[in-house]
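Trainee: Provided below: final_27.cif, containing mmCIF, C-alpha atoms.
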data_my_file
loop_
_atom_site.group_PDB
_atom_site.id
_atom_site.type_symbol
_atom_site.label_atom_id
_atom_site.label_comp_id
_atom_site.auth_asym_id
_atom_site.auth_seq_id
_atom_site.Cartn_x
_atom_site.Cartn_y
_atom_site.Cartn_z
ATOM 1 C CA ILE X 16 101.350 123.031 123.730
ATOM 2 C CA TYR X 17 101.743 126.399 122.059
ATOM 3 C CA PRO X 18 104.543 126.276 119.477
ATOM 4 C CA ASN X 19 105.774 129.422 117.782
ATOM 5 C CA THR X 20 105.600 129.831 113.992
ATOM 6 C CA GLU X 21 109.003 128.262 113.329
ATOM 7 C CA GLN X 22 108.202 125.286 115.551
ATOM 8 C CA GLN X 23 104.850 124.847 113.786
ATOM 9 C CA GLN X 24 106.685 124.572 110.467
ATOM 10 C CA LEU X 25 109.107 122.042 111.942
ATOM 11 C CA ILE X 26 106.213 119.999 113.329
ATOM 12 C CA ARG X 27 104.503 120.017 109.922
ATOM 13 C CA ARG X 28 107.783 118.930 108.327
ATOM 14 C CA MET X 29 108.020 116.107 110.887
ATOM 15 C CA PHE X 30 104.479 114.977 110.009
ATOM 16 C CA GLY X 31 105.332 115.017 106.318
ATOM 17 C CA CYS X 32 108.569 113.078 106.692
ATOM 18 C CA CYS X 33 106.950 110.414 108.879
ATOM 19 C CA ARG X 34 104.072 110.130 106.409
ATOM 20 C CA PHE X 35 106.552 109.809 103.508
ATOM 21 C CA VAL X 36 108.523 107.051 105.270
ATOM 22 C CA PHE X 37 105.323 105.192 106.197
ATOM 23 C CA ASN X 38 103.976 105.362 102.632
ATOM 24 C CA HIS X 39 107.350 104.436 101.111
ATOM 25 C CA PHE X 40 107.727 101.264 103.146
ATOM 26 C CA LEU X 41 104.039 100.420 102.773
ATOM 27 C CA GLU X 42 104.525 100.506 98.978
ATOM 28 C CA GLU X 43 107.667 98.348 99.227
ATOM 29 C CA TRP X 44 105.862 95.917 101.499
ATOM 30 C CA ASN X 45 102.913 95.646 99.084
ATOM 31 C CA GLN X 46 105.218 95.079 96.095
ATOM 32 C CA THR X 47 107.220 92.413 97.904
ATOM 33 C CA TYR X 48 104.049 90.663 99.038
ATOM 34 C CA ALA X 49 102.609 90.714 95.501
ATOM 35 C CA GLU X 50 105.820 89.266 94.033
ATOM 36 C CA THR X 51 106.781 86.678 96.644
ATOM 37 C CA GLY X 52 103.696 86.100 98.778
ATOM 38 C CA LYS X 53 105.681 87.165 101.851
ATOM 39 C CA GLY X 54 105.994 90.584 103.388
ATOM 40 C CA LEU X 55 109.048 92.348 104.741
ATOM 41 C CA SER X 56 110.183 92.461 108.334
ATOM 42 C CA TYR X 57 110.790 95.478 110.525
ATOM 43 C CA GLN X 58 114.510 94.719 110.485
ATOM 44 C CA THR X 59 114.625 94.733 106.675
ATOM 45 C CA CYS X 60 112.863 98.087 106.483
ATOM 46 C CA ALA X 61 114.872 99.622 109.330
ATOM 47 C CA THR X 62 118.157 98.767 107.600
ATOM 48 C CA GLN X 63 116.900 100.495 104.437
ATOM 49 C CA LEU X 64 116.108 103.718 106.331
ATOM 50 C CA PRO X 65 119.711 105.087 106.236
ATOM 51 C CA VAL X 66 119.805 104.458 102.487
ATOM 52 C CA LEU X 67 116.559 106.380 102.134
ATOM 53 C CA LYS X 68 118.067 109.250 104.142
ATOM 54 C CA THR X 69 120.996 109.462 101.721
ATOM 55 C CA GLN X 70 118.580 109.667 98.780
ATOM 56 C CA TYR X 71 116.456 112.367 100.412
ATOM 57 C CA ASP X 72 118.555 114.838 102.408
ATOM 58 C CA TRP X 73 115.495 116.493 103.924
ATOM 59 C CA LEU X 74 114.879 113.325 105.981
ATOM 60 C CA LYS X 75 118.041 114.171 107.962
ATOM 61 C CA GLU X 76 116.431 117.380 109.263
ATOM 62 C CA VAL X 77 113.851 115.576 111.411
ATOM 63 C CA ASP X 78 113.952 113.310 114.458
ATOM 64 C CA SER X 79 115.365 109.910 113.457
ATOM 65 C CA ILE X 80 113.471 108.138 116.235
ATOM 66 C CA ALA X 81 110.196 109.390 114.756
ATOM 67 C CA LEU X 82 111.151 107.930 111.368
ATOM 68 C CA GLN X 83 112.023 104.598 112.982
ATOM 69 C CA SER X 84 108.647 104.676 114.718
ATOM 70 C CA ALA X 85 106.928 105.165 111.352
ATOM 71 C CA VAL X 86 108.668 102.028 110.082
ATOM 72 C CA ARG X 87 107.607 100.221 113.249
ATOM 73 C CA HIS X 88 103.989 101.288 112.635
ATOM 74 C CA VAL X 89 104.061 99.759 109.134
ATOM 75 C CA ALA X 90 105.424 96.473 110.489
ATOM 76 C CA ASP X 91 102.901 96.384 113.348
ATOM 77 C CA SER X 92 99.968 97.144 111.056
ATOM 78 C CA PHE X 93 100.924 94.261 108.769
ATOM 79 C CA ASP X 94 101.373 91.934 111.749
ATOM 80 C CA ARG X 95 97.854 92.797 112.915
ATOM 81 C CA PHE X 96 96.533 92.348 109.376
ATOM 82 C CA PHE X 97 98.047 88.871 109.016
ATOM 83 C CA LYS X 98 96.579 87.898 112.393
ATOM 84 C CA LYS X 99 93.180 89.056 111.026
ATOM 85 C CA GLN X 100 92.832 91.679 113.754
ATOM 86 C CA ASN X 101 92.255 94.557 111.346
ATOM 87 C CA GLN X 102 92.135 95.516 107.671
ATOM 88 C CA ALA X 103 95.156 95.989 105.425
ATOM 89 C CA PRO X 104 97.104 99.182 106.146
ATOM 90 C CA ARG X 105 96.352 102.170 103.929
ATOM 91 C CA PHE X 106 98.478 105.024 102.731
ATOM 92 C CA LYS X 107 98.629 108.124 104.919
ATOM 93 C CA SER X 108 97.175 111.329 103.494
ATOM 94 C CA ARG X 109 98.153 114.919 104.101
ATOM 95 C CA LYS X 110 94.478 115.867 103.881
ATOM 96 C CA HIS X 111 93.506 113.804 106.924
ATOM 97 C CA PRO X 112 92.667 116.241 109.740
ATOM 98 C CA VAL X 113 94.544 114.305 112.450
ATOM 99 C CA GLN X 114 98.327 114.274 112.023
ATOM 100 C CA SER X 115 100.727 112.756 114.530
ATOM 101 C CA TYR X 116 104.164 111.263 114.995
ATOM 102 C CA THR X 117 105.744 109.172 117.725
ATOM 103 C CA THR X 118 109.093 109.669 119.398
ATOM 104 C CA LYS X 119 110.696 107.976 122.378
ATOM 105 C CA PHE X 120 112.540 109.179 125.431
ATOM 106 C CA THR X 121 116.209 108.240 125.026
ATOM 107 C CA ASN X 122 119.203 109.862 126.689
ATOM 108 C CA GLY X 123 117.206 112.824 127.942
ATOM 109 C CA ASN X 124 116.062 114.007 124.518
ATOM 110 C CA ILE X 125 112.634 115.000 125.883
ATOM 111 C CA ALA X 126 112.674 117.426 128.777
ATOM 112 C CA ILE X 127 110.135 119.359 130.811
ATOM 113 C CA GLU X 128 111.507 122.675 132.003
ATOM 114 C CA GLY X 129 108.970 124.471 134.155
ATOM 115 C CA ASN X 130 105.912 124.849 131.970
ATOM 116 C CA ARG X 131 107.808 124.117 128.729
ATOM 117 C CA LEU X 132 108.252 120.866 126.845
ATOM 118 C CA LYS X 133 111.451 120.294 124.834
ATOM 119 C CA LEU X 134 111.170 117.829 121.935
ATOM 120 C CA PRO X 135 113.985 116.469 119.731
ATOM 121 C CA LYS X 136 114.857 118.719 116.754
ATOM 122 C CA LEU X 137 112.091 121.164 117.726
ATOM 123 C CA GLY X 138 113.467 122.849 120.800
#
What does the file become when written as structure tokens?
Mentor:
Amino acid sequence: IYPNTEQQQLIRRMFGCCRFVFNHFLEEWNQTYAETGKGLSYQTCATQLPVLKTQYDWLKEVDSIALQSAVRHVADSFDRFFKKQNQAPRFKSRKHPVQSYTTKFTNGNIAIEGNRLKLPKLG
């Protein structure tokens, strides 16, 4: 894909917001596990996401499905960790050369028009 300058900034903002949400819930999960010996569930974290959006208005500017996917990634990584399939999840870094986010196709939010791809909140 070849995004224009404005779209590149929006994509970078999307990466940053997803990274922030992932790191936020990873920290909460680690604190809860240290205090109680049990982690959180996806449902617990997902219900806290709207509260987080009211605290940080800039989270409202990006695709909400991508933020929910970041929460899902935290929950899945801990599930795999507790099943001893991989190591404990680590915090995401802006300096890592590979950045990505995940969104889902719902109600026609992703469209292919000719040789163009339309993504939510990016155009």
Trainee: On this file, the PyMOL selection byres ((chain X and resi 26) around 12) gives some set of residues; write that set as an MDAnalysis selection string.
Mentor: chainID X and resid 16:25 27:33 76:78 81 114:117 134:138
Trainee: Let me know the residues the PyMOL selection byres ((chain X and resi 36-39) around 9) catches in the file above, as number ranges by chain.
Mentor: X: 31-35, 40-44, 64, 67, 74, 82-83, 85-89, 105-107
Trainee: Could you check how far atom CA of Trp73 of chain X sits from atom CA of Lys110 of chain X, in Å to one decimal?
Mentor: 21.0 Å
Trainee: One number please: atom CA of Ile80 of chain X to atom CA of Lys119 of chain X, in Å, one decimal.
Mentor: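 One can read the atom CA of Ile80 of chain X to atom CA of Lys119 of chain X distance as 6.7 Å.
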Trainee: In Å, rounded to a single decimal, give me how far atom CA of Leu55 of chain X is from atom CA of Asp94 of chain X.
Mentor: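 Interatomic distance, atom CA of Asp94 of chain X to atom CA of Leu55 of chain X: 10.4 Å.
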Trainee: Each side padded by 4 Å, which centre and which edge lengths in Å (one decimal) define the axis-aligned box around the listed atoms of segment 76-80 of chain X? Give them as AutoDock Vina command-line options.
Mentor:
--center_x 115.0 --center_y 112.8 --center_z 112.7 --size_x 11.0 --size_y 17.2 --size_z 15.0
